[in-house]
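Report on the structure given below.
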Amino acid sequence: MSNNQHHIAHFDLDSFFVSVEIANNPLLKGKPVLVGGYERGVVAACSYEARKFGIHSAMPMKKAMQLCPQAIVTNASRSDYSKYSRWVTEIIESKVPLFEKASIDEFYIDLTGMDKFFGISKYTKELRQLIISETGLPISCGLSSARFISKMATNEAKPNGFLEILHGKETEFLWPLGIEKINGVGKQTEQHLKNYGIYTIEDITKTPIEYLERIAGKWGEELWHKAHGRGSAAITTDWKQKSMSHENTFEKDYTDIEFLHKELVRLTEKTACSLREDDKMTGCITVKIRYSDFETTTYQETIDYTALDDVLIAKVKDLFNKNWQKGRPVRLLGIRFTHMIPITMQMSLFENNIEKLQLYKAVDDIKDRFGSKSVTKATIIAPKKD
């Protein structure tokens with residue numbers, strides 16, 4: 001096996017939110033479990049036992065309970081999900097050189113070149129087993145030469161399984177599968193392609209690329225290449241380092257805690273707006289303080305993944321209050337968010353968060369259309385511009 005072959009593993013924590021609930025309460029194992037809000041809420045996640053009754057994510061909880069009255073409804077705190085996600089991240093980080101945290105429960109790992117030192121398949125299986133034994137969470141894994149194939153292999157390996165697609169065997173794995181198995185092919189695209197007689201991935205390979213582009217636009221070319229087993233092996237390794245930040249240097253120095261708090265609120269709101277525009281959550285905040293003598297300090301704290309203003313503002317104020325040298329004049333304040341991951345559908349569906357997230361996004365839209373000062377909290381005064 002040549003060293004220039006790519007080896008990409010895809011790890012997916014099976015039914016992550018349900019699995020965390022079961023890890024916290026083992027008596028739930030093997031039972032129909034629904035995670036999310038109660039009567040007025042929606043199902044954020046459900047166990048495989050619950051799925052047998054036709055229940056799925058985003059279904060109104062009331063309907064789910066009608067389908068399965070014996071289902072157990074539970075909802076751990078956001079901190080539990082963040083804790084387990086970080087736990088798995090730390091294990092992976094300690095064992096592999098390059099990885100991407102694609103979401104709170106999904107990882108891509110680049111093992112290319114490691115075949116010189118380890119058996120790739122054996123190493124991947126051992127890493128998967130380590131995560132299971134350490135955290136108690138089930139995890140499925142796919143291993144192949146490309147991202148999208150590894151993700152598809154993971155889906156075929158569920159629940160709690162491992163599937164390797166050997167180099168040269170990509171089309172053997174892909175072609176028998178239905179077109180809906182390709183990542184990114186939704187119900188509408190699936191039906192559209194079926195209207196033209198394209199049902200399997202092999203059918204795509206038998207369709208001229210020019211014809212695919214006519215019926216599916218630019219997506220047609222990508223479909224054709226994927227059907228032939230050609231896909232990217234690139235992973236994003238800077239998910240921790242990428243940041244969003246805003247800061248403000250004042251025209252004069254301030255010791256007034258009320259003013260400093262209002263400025264922290266303004267900067268946090270502004271940065272959180274950027275976060276939501278990029279459909280991201282942050283798992284780490286940094287508060288920057290520059291004093292009148294130009295001494296600059298930064299204070300960092302990991303937090304439960306969030307994109308909600310009220311949560312972020314409370315954390316920022318707390319971090320500032322614990323570290324500001326009271327009475328010492330402040331020249332500059334800054335806020336930075338790092339450890340960012342995509343907002344997952346499940347995280348935004350919880351009853352106590354979805355309305356807030358929608359409200360903040362609506363406010364973001366208003367500010368985008370009519371200016372940043374069109375909507376402000378009553379507690380905020382208008383400090384000097386950045």
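A note on labels: chains of the structure tokens are A, B, ... as shown, every chain counts residues from 1, and ligands are counted from 1 in their shown order.
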
Excluding stretch 14-28 of chain A and residues on its chain fewer than 4 positions from it, collect all residues at most 8 Å away from it, counting only C-alpha atoms, and give them as a PDB file with N, CA and C atoms, in the first residue's frame.
```pdb
ATOM      1  N   VAL A  33     -36.684   6.346  24.394  1.00  0.00           N
ATOM      2  CA  VAL A  33     -36.320   7.596  25.075  1.00  0.00           C
ATOM      3  C   VAL A  33     -36.438   8.758  24.101  1.00  0.00           C
ATOM      4  N   LEU A  34     -37.079   9.818  24.549  1.00  0.00           N
ATOM      5  CA  LEU A  34     -37.194  11.050  23.767  1.00  0.00           C
ATOM      6  C   LEU A  34     -36.475  12.158  24.512  1.00  0.00           C
ATOM      7  N   VAL A  35     -35.642  12.900  23.796  1.00  0.00           N
ATOM      8  CA  VAL A  35     -34.928  14.020  24.396  1.00  0.00           C
ATOM      9  C   VAL A  35     -35.472  15.309  23.811  1.00  0.00           C
ATOM     10  N   ALA A  45     -33.989  14.498  19.908  1.00  0.00           N
ATOM     11  CA  ALA A  45     -33.335  13.230  19.586  1.00  0.00           C
ATOM     12  C   ALA A  45     -34.181  12.107  20.166  1.00  0.00           C
ATOM     13  N   CYS A  46     -34.027  10.915  19.600  1.00  0.00           N
ATOM     14  CA  CYS A  46     -34.787   9.772  20.105  1.00  0.00           C
ATOM     15  C   CYS A  46     -33.961   8.503  19.968  1.00  0.00           C
ATOM     16  N   SER A  47     -34.216   7.543  20.826  1.00  0.00           N
ATOM     17  CA  SER A  47     -33.483   6.283  20.804  1.00  0.00           C
ATOM     18  C   SER A  47     -33.974   5.425  19.638  1.00  0.00           C
ATOM     19  N   THR A  74     -36.933  13.001  28.508  1.00  0.00           N
ATOM     20  CA  THR A  74     -35.895  13.509  29.398  1.00  0.00           C
ATOM     21  C   THR A  74     -35.114  14.605  28.686  1.00  0.00           C
ATOM     22  N   ASN A  75     -34.395  15.408  29.442  1.00  0.00           N
ATOM     23  CA  ASN A  75     -33.631  16.509  28.874  1.00  0.00           C
ATOM     24  C   ASN A  75     -32.555  16.929  29.854  1.00  0.00           C
ATOM     25  N   ALA A  76     -31.335  16.444  29.643  1.00  0.00           N
ATOM     26  CA  ALA A  76     -30.225  16.828  30.511  1.00  0.00           C
ATOM     27  C   ALA A  76     -29.846  18.278  30.243  1.00  0.00           C
ATOM     28  N   ASP A  80     -24.056  18.806  30.242  1.00  0.00           N
ATOM     29  CA  ASP A  80     -23.785  17.372  30.098  1.00  0.00           C
ATOM     30  C   ASP A  80     -23.334  17.044  28.682  1.00  0.00           C
ATOM     31  N   TYR A  81     -24.007  17.628  27.693  1.00  0.00           N
ATOM     32  CA  TYR A  81     -23.648  17.361  26.302  1.00  0.00           C
ATOM     33  C   TYR A  81     -22.271  17.930  25.981  1.00  0.00           C
ATOM     34  N   TYR A  84     -19.445  15.650  27.590  1.00  0.00           N
ATOM     35  CA  TYR A  84     -19.151  14.410  26.870  1.00  0.00           C
ATOM     36  C   TYR A  84     -18.495  14.700  25.515  1.00  0.00           C
ATOM     37  N   ASP A 105     -20.925  16.153  17.904  1.00  0.00           N
ATOM     38  CA  ASP A 105     -20.852  14.692  18.031  1.00  0.00           C
ATOM     39  C   ASP A 105     -20.252  14.006  16.803  1.00  0.00           C
ATOM     40  N   GLY A 136     -18.327   5.396  27.716  1.00  0.00           N
ATOM     41  CA  GLY A 136     -19.569   4.639  27.786  1.00  0.00           C
ATOM     42  C   GLY A 136     -20.536   4.973  26.672  1.00  0.00           C
ATOM     43  N   LEU A 137     -20.098   5.800  25.702  1.00  0.00           N
ATOM     44  CA  LEU A 137     -20.969   6.202  24.598  1.00  0.00           C
ATOM     45  C   LEU A 137     -20.747   5.295  23.385  1.00  0.00           C
ATOM     46  N   PRO A 138     -21.811   4.894  22.707  1.00  0.00           N
ATOM     47  CA  PRO A 138     -21.643   4.137  21.463  1.00  0.00           C
ATOM     48  C   PRO A 138     -21.161   5.053  20.353  1.00  0.00           C
ATOM     49  N   ILE A 139     -20.329   4.526  19.467  1.00  0.00           N
ATOM     50  CA  ILE A 139     -19.794   5.347  18.391  1.00  0.00           C
ATOM     51  C   ILE A 139     -19.619   4.501  17.140  1.00  0.00           C
ATOM     52  N   SER A 140     -20.077   5.021  16.028  1.00  0.00           N
ATOM     53  CA  SER A 140     -19.915   4.335  14.742  1.00  0.00           C
ATOM     54  C   SER A 140     -18.792   4.995  13.966  1.00  0.00           C
ATOM     55  N   LYS A 158     -23.975   1.977  11.357  1.00  0.00           N
ATOM     56  CA  LYS A 158     -24.819   2.205  12.536  1.00  0.00           C
ATOM     57  C   LYS A 158     -25.819   1.058  12.717  1.00  0.00           C
ATOM     58  N   PRO A 159     -26.153   0.783  14.004  1.00  0.00           N
ATOM     59  CA  PRO A 159     -25.677   1.453  15.224  1.00  0.00           C
ATOM     60  C   PRO A 159     -24.408   0.806  15.790  1.00  0.00           C
ATOM     61  N   ASN A 160     -23.538   1.656  16.295  1.00  0.00           N
ATOM     62  CA  ASN A 160     -22.359   1.249  17.062  1.00  0.00           C
ATOM     63  C   ASN A 160     -21.490   0.240  16.320  1.00  0.00           C
TER      64      ASN A 160
END
```

*A:Gln70 surroundings by only C-alpha atoms, 12 Å radius, close-in-sequence under 3 positions cut, as JSON, numbers by chain*: {"A": [31, 32, 33, 34, 49, 50, 53, 64, 65, 66, 67, 73]}

*Taking only C-alpha atoms into account, which of A:Thr271, A:Ser150, A:Asn155, A:Thr255 comes nearest A:Val330?*
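Residue with the minimum atom-to-atom distance to A:Val330: A:Thr255.
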
*Select from stretch 172-333 of chain A everything DSSP, run on the backbone, classes as strand (DSSP E or B), then give the selection as a ChimeraX atom specification.*
/A:178,200,244-254,280-291,296-306,330-333

_Between atom CA of A:Gly186 and atom CA of A:Tyr360, what distance in Å does the model show, to one decimal?_
27.8 Å

Neighbouring residues of stretch 92-100 of chain A were defined as those with any atom within 8 Å, considering only C-alpha atoms; residues of the same chain fewer than 6 positions away were excluded. Please report them as an mmCIF file with C-alpha atoms, in the first residue's frame.
```
data_model
loop_
_atom_site.group_PDB
_atom_site.id
_atom_site.type_symbol
_atom_site.label_atom_id
_atom_site.label_comp_id
_atom_site.auth_asym_id
_atom_site.auth_seq_id
_atom_site.Cartn_x
_atom_site.Cartn_y
_atom_site.Cartn_z
ATOM 1 C CA PHE A 107 -15.295 14.016 13.877
ATOM 2 C CA TYR A 108 -13.110 13.550 10.785
ATOM 3 C CA ILE A 109 -9.632 12.121 11.411
ATOM 4 C CA ASP A 110 -6.780 12.204 8.897
ATOM 5 C CA LEU A 111 -4.664 9.071 9.364
ATOM 6 C CA LEU A 127 -9.350 4.283 19.019
ATOM 7 C CA ILE A 235 -10.097 18.229 6.736
ATOM 8 C CA THR A 236 -10.237 21.514 8.618
ATOM 9 C CA THR A 237 -7.805 21.428 11.517
ATOM 10 C CA ASP A 238 -8.202 25.041 12.684
ATOM 11 C CA TRP A 239 -11.639 24.664 14.322
#
```

*Tell me which protein, DNA and RNA residues are within 12 Å of A:Glu202, counting only C-alpha atoms, leaving out same-chain ones fewer than 6 positions away, and put them as a list in words.*
Glu170, Thr171, Glu172, Phe173, Leu174, Trp175, Pro176, Leu177, Gly178, Ile179, Ile182, Leu223, Trp224, His225, Lys226, Ala227, His228 and Gly229 of chain A

For those residues, write N, CA and C atoms to a file as a PDB file, in the first residue's frame.
```
ATOM      1  N   GLU A 170     -14.056   1.446  -3.612  1.00  0.00           N
ATOM      2  CA  GLU A 170     -15.028   2.523  -3.370  1.00  0.00           C
ATOM      3  C   GLU A 170     -16.319   2.320  -4.164  1.00  0.00           C
ATOM      4  N   THR A 171     -16.190   2.079  -5.469  1.00  0.00           N
ATOM      5  CA  THR A 171     -17.400   1.942  -6.288  1.00  0.00           C
ATOM      6  C   THR A 171     -18.164   0.663  -5.963  1.00  0.00           C
ATOM      7  N   GLU A 172     -17.450  -0.348  -5.536  1.00  0.00           N
ATOM      8  CA  GLU A 172     -18.108  -1.594  -5.126  1.00  0.00           C
ATOM      9  C   GLU A 172     -19.039  -1.342  -3.946  1.00  0.00           C
ATOM     10  N   PHE A 173     -18.632  -0.436  -3.061  1.00  0.00           N
ATOM     11  CA  PHE A 173     -19.460  -0.057  -1.917  1.00  0.00           C
ATOM     12  C   PHE A 173     -20.584   0.894  -2.330  1.00  0.00           C
ATOM     13  N   LEU A 174     -20.245   1.874  -3.174  1.00  0.00           N
ATOM     14  CA  LEU A 174     -21.180   2.947  -3.492  1.00  0.00           C
ATOM     15  C   LEU A 174     -22.311   2.528  -4.433  1.00  0.00           C
ATOM     16  N   TRP A 175     -21.983   1.836  -5.491  1.00  0.00           N
ATOM     17  CA  TRP A 175     -22.933   1.660  -6.587  1.00  0.00           C
ATOM     18  C   TRP A 175     -24.262   0.992  -6.222  1.00  0.00           C
ATOM     19  N   PRO A 176     -24.293   0.009  -5.338  1.00  0.00           N
ATOM     20  CA  PRO A 176     -25.596  -0.596  -5.020  1.00  0.00           C
ATOM     21  C   PRO A 176     -26.512   0.302  -4.189  1.00  0.00           C
ATOM     22  N   LEU A 177     -25.946   1.356  -3.587  1.00  0.00           N
ATOM     23  CA  LEU A 177     -26.730   2.203  -2.673  1.00  0.00           C
ATOM     24  C   LEU A 177     -27.663   3.135  -3.431  1.00  0.00           C
ATOM     25  N   GLY A 178     -28.774   3.472  -2.788  1.00  0.00           N
ATOM     26  CA  GLY A 178     -29.714   4.429  -3.365  1.00  0.00           C
ATOM     27  C   GLY A 178     -29.124   5.829  -3.358  1.00  0.00           C
ATOM     28  N   ILE A 179     -29.597   6.680  -4.256  1.00  0.00           N
ATOM     29  CA  ILE A 179     -29.042   8.035  -4.359  1.00  0.00           C
ATOM     30  C   ILE A 179     -29.248   8.846  -3.082  1.00  0.00           C
ATOM     31  N   ILE A 182     -26.301   9.502  -0.538  1.00  0.00           N
ATOM     32  CA  ILE A 182     -25.229  10.475  -0.744  1.00  0.00           C
ATOM     33  C   ILE A 182     -25.479  11.692   0.145  1.00  0.00           C
ATOM     34  N   LEU A 223     -22.098  15.213  -8.145  1.00  0.00           N
ATOM     35  CA  LEU A 223     -22.723  13.895  -8.025  1.00  0.00           C
ATOM     36  C   LEU A 223     -21.995  12.864  -8.871  1.00  0.00           C
ATOM     37  N   TRP A 224     -21.644  13.249 -10.091  1.00  0.00           N
ATOM     38  CA  TRP A 224     -20.979  12.337 -11.027  1.00  0.00           C
ATOM     39  C   TRP A 224     -19.625  11.895 -10.469  1.00  0.00           C
ATOM     40  N   HIS A 225     -18.871  12.864  -9.925  1.00  0.00           N
ATOM     41  CA  HIS A 225     -17.562  12.518  -9.365  1.00  0.00           C
ATOM     42  C   HIS A 225     -17.706  11.648  -8.115  1.00  0.00           C
ATOM     43  N   LYS A 226     -18.673  11.963  -7.266  1.00  0.00           N
ATOM     44  CA  LYS A 226     -18.879  11.157  -6.068  1.00  0.00           C
ATOM     45  C   LYS A 226     -19.291   9.736  -6.430  1.00  0.00           C
ATOM     46  N   ALA A 227     -20.141   9.604  -7.434  1.00  0.00           N
ATOM     47  CA  ALA A 227     -20.587   8.280  -7.857  1.00  0.00           C
ATOM     48  C   ALA A 227     -19.423   7.422  -8.332  1.00  0.00           C
ATOM     49  N   HIS A 228     -18.365   8.064  -8.812  1.00  0.00           N
ATOM     50  CA  HIS A 228     -17.167   7.344  -9.249  1.00  0.00           C
ATOM     51  C   HIS A 228     -16.148   7.189  -8.121  1.00  0.00           C
ATOM     52  N   GLY A 229     -16.554   7.554  -6.902  1.00  0.00           N
ATOM     53  CA  GLY A 229     -15.685   7.361  -5.744  1.00  0.00           C
ATOM     54  C   GLY A 229     -14.631   8.416  -5.564  1.00  0.00           C
TER      55      GLY A 229
END
```

*asked:* For A:Arg147, find every residue with an atom within 9 Å (counting only C-alpha atoms), except residues of its own chain fewer than 4 positions away, and show them as a list in words.
replied: Ile8, Ala9, His10, Tyr108, Leu143, Lys151, Met152, Gly231, Ser232, Ala233, Ala234 and Ile235 of chain A

How about saving the chosen residues, C-alpha atoms kept, as a compact mmCIF listing (two decimals), in the first residue's frame?
```
# COMPACT_ATOMS: atom_id res chain seq x y z
CA ILE A 8 -9.87 9.40 6.44
CA ALA A 9 -11.87 8.13 9.39
CA HIS A 10 -15.29 9.48 10.28
CA TYR A 108 -13.11 13.55 10.79
CA LEU A 143 -12.77 4.47 7.18
CA LYS A 151 -19.35 9.41 6.35
CA MET A 152 -21.51 7.13 4.21
CA GLY A 231 -13.97 13.01 -3.20
CA SER A 232 -11.93 15.34 -1.05
CA ALA A 233 -9.76 14.05 1.75
CA ALA A 234 -9.11 17.53 3.15
CA ILE A 235 -10.10 18.23 6.74
```

_Nearest to A:Ile104 by atom-to-atom distance, counting only C-alpha atoms, from A:Ile165, A:Val287, A:Met59, A:Val88_ = A:Val88

*At what distance in Å, to one decimal, does atom CA of A:Lys101 lie from atom CA of A:Leu130?*
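Value for the atom CA of A:Leu130-atom CA of A:Lys101 distance: 17.8 Å.
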
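Each of A:Cys273, A:Lys29, A:Ile198, A:Arg86 was compared to A:Ile366 using only C-alpha atoms, and A:Cys273 turns out to be the nearest.
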
*Could you tell me how far atom CA of A:Asp309 lies from atom CA of A:Val43, in Å and to one decimal?*
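We find that atom CA of A:Asp309 and atom CA of A:Val43 lie 23.8 Å from each other.
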
Enumerate, in order of chain and increasing residue number, the residues of stretch 53-88 of chain A with an atom no farther than 8 Å from stretch 304-307 of chain A, each with its shortest atom pair and distance in Å to one decimal, counting only C-alpha atoms, as a Markdown table.
```
| residue | atom | partner | partner_atom | distance |
| --- | --- | --- | --- | --- |
| A:Arg78 | CA | A:Asp304 | CA | 6.5 |
| A:Ser79 | CA | A:Asp304 | CA | 5.4 |
| A:Ser82 | CA | A:Asp304 | CA | 5.3 |
| A:Lys83 | CA | A:Asp304 | CA | 7.7 |
```

For the interface of stretch 296-341 of chain A with stretch 256-261 of chain A (cut-off 10 Å, counting only C-alpha atoms), please tabulate each contacting residue of stretch 296-341 of chain A alongside its nearest pair of atoms and their separation in Å to one decimal, rows sorted by chain and increasing number, as a Markdown table.
```
| residue | atom | partner | partner_atom | distance |
| --- | --- | --- | --- | --- |
| A:Ile313 | CA | A:His261 | CA | 9.4 |
| A:Val316 | CA | A:His261 | CA | 9.3 |
| A:Lys317 | CA | A:His261 | CA | 6.8 |
| A:Phe320 | CA | A:His261 | CA | 8.7 |
| A:Asn321 | CA | A:Ile257 | CA | 9.2 |
| A:Trp324 | CA | A:Ile257 | CA | 9.9 |
| A:Lys326 | CA | A:Ile257 | CA | 8.6 |
| A:Gly327 | CA | A:Asp256 | CA | 8.0 |
| A:Arg328 | CA | A:Asp256 | CA | 9.7 |
| A:Pro329 | CA | A:Asp256 | CA | 8.5 |
| A:Val330 | CA | A:Leu260 | CA | 8.4 |
| A:Leu332 | CA | A:Leu260 | CA | 9.6 |
| A:Leu333 | CA | A:Leu260 | CA | 8.2 |
```

Can you write out the residues you just picked, keeping C-alpha atoms, as a short mmCIF file (atom, residue, chain, number, x, y, z; two decimals), in the first residue's frame?
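File part-v8.cif, as written:
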```cif
data_model
loop_
_atom_site.label_atom_id
_atom_site.label_comp_id
_atom_site.auth_asym_id
_atom_site.auth_seq_id
_atom_site.Cartn_x
_atom_site.Cartn_y
_atom_site.Cartn_z
CA ILE A 313 -23.18 37.96 28.39
CA VAL A 316 -18.37 37.45 29.97
CA LYS A 317 -19.45 39.60 32.92
CA PHE A 320 -14.49 40.19 33.84
CA ASN A 321 -15.66 40.60 37.45
CA TRP A 324 -10.62 43.09 36.75
CA LYS A 326 -11.28 46.96 40.82
CA GLY A 327 -10.78 50.70 40.60
CA ARG A 328 -7.95 50.45 38.07
CA PRO A 329 -8.71 52.60 34.97
CA VAL A 330 -9.52 50.64 31.83
CA LEU A 332 -9.72 48.97 26.21
CA LEU A 333 -12.08 46.01 26.40
#
```

Contacts of A:Arg128 within 9 Å, only C-alpha atoms, excl. fewer than 5 positions in-chain, as a PDB file with C-alpha atoms, in the first residue's frame:
```
ATOM      1  CA  PHE A  11     -16.459   9.057  13.879  1.00  0.00           C
ATOM      2  CA  TYR A 123      -5.493   1.668  14.997  1.00  0.00           C
ATOM      3  CA  SER A 133     -14.719   2.111  27.087  1.00  0.00           C
ATOM      4  CA  ILE A 139     -19.794   5.347  18.391  1.00  0.00           C
ATOM      5  CA  SER A 140     -19.915   4.335  14.742  1.00  0.00           C
ATOM      6  CA  CYS A 141     -16.971   4.724  12.406  1.00  0.00           C
ATOM      7  CA  PHE A 162     -17.247  -0.078  12.127  1.00  0.00           C
TER       8      PHE A 162
END
```
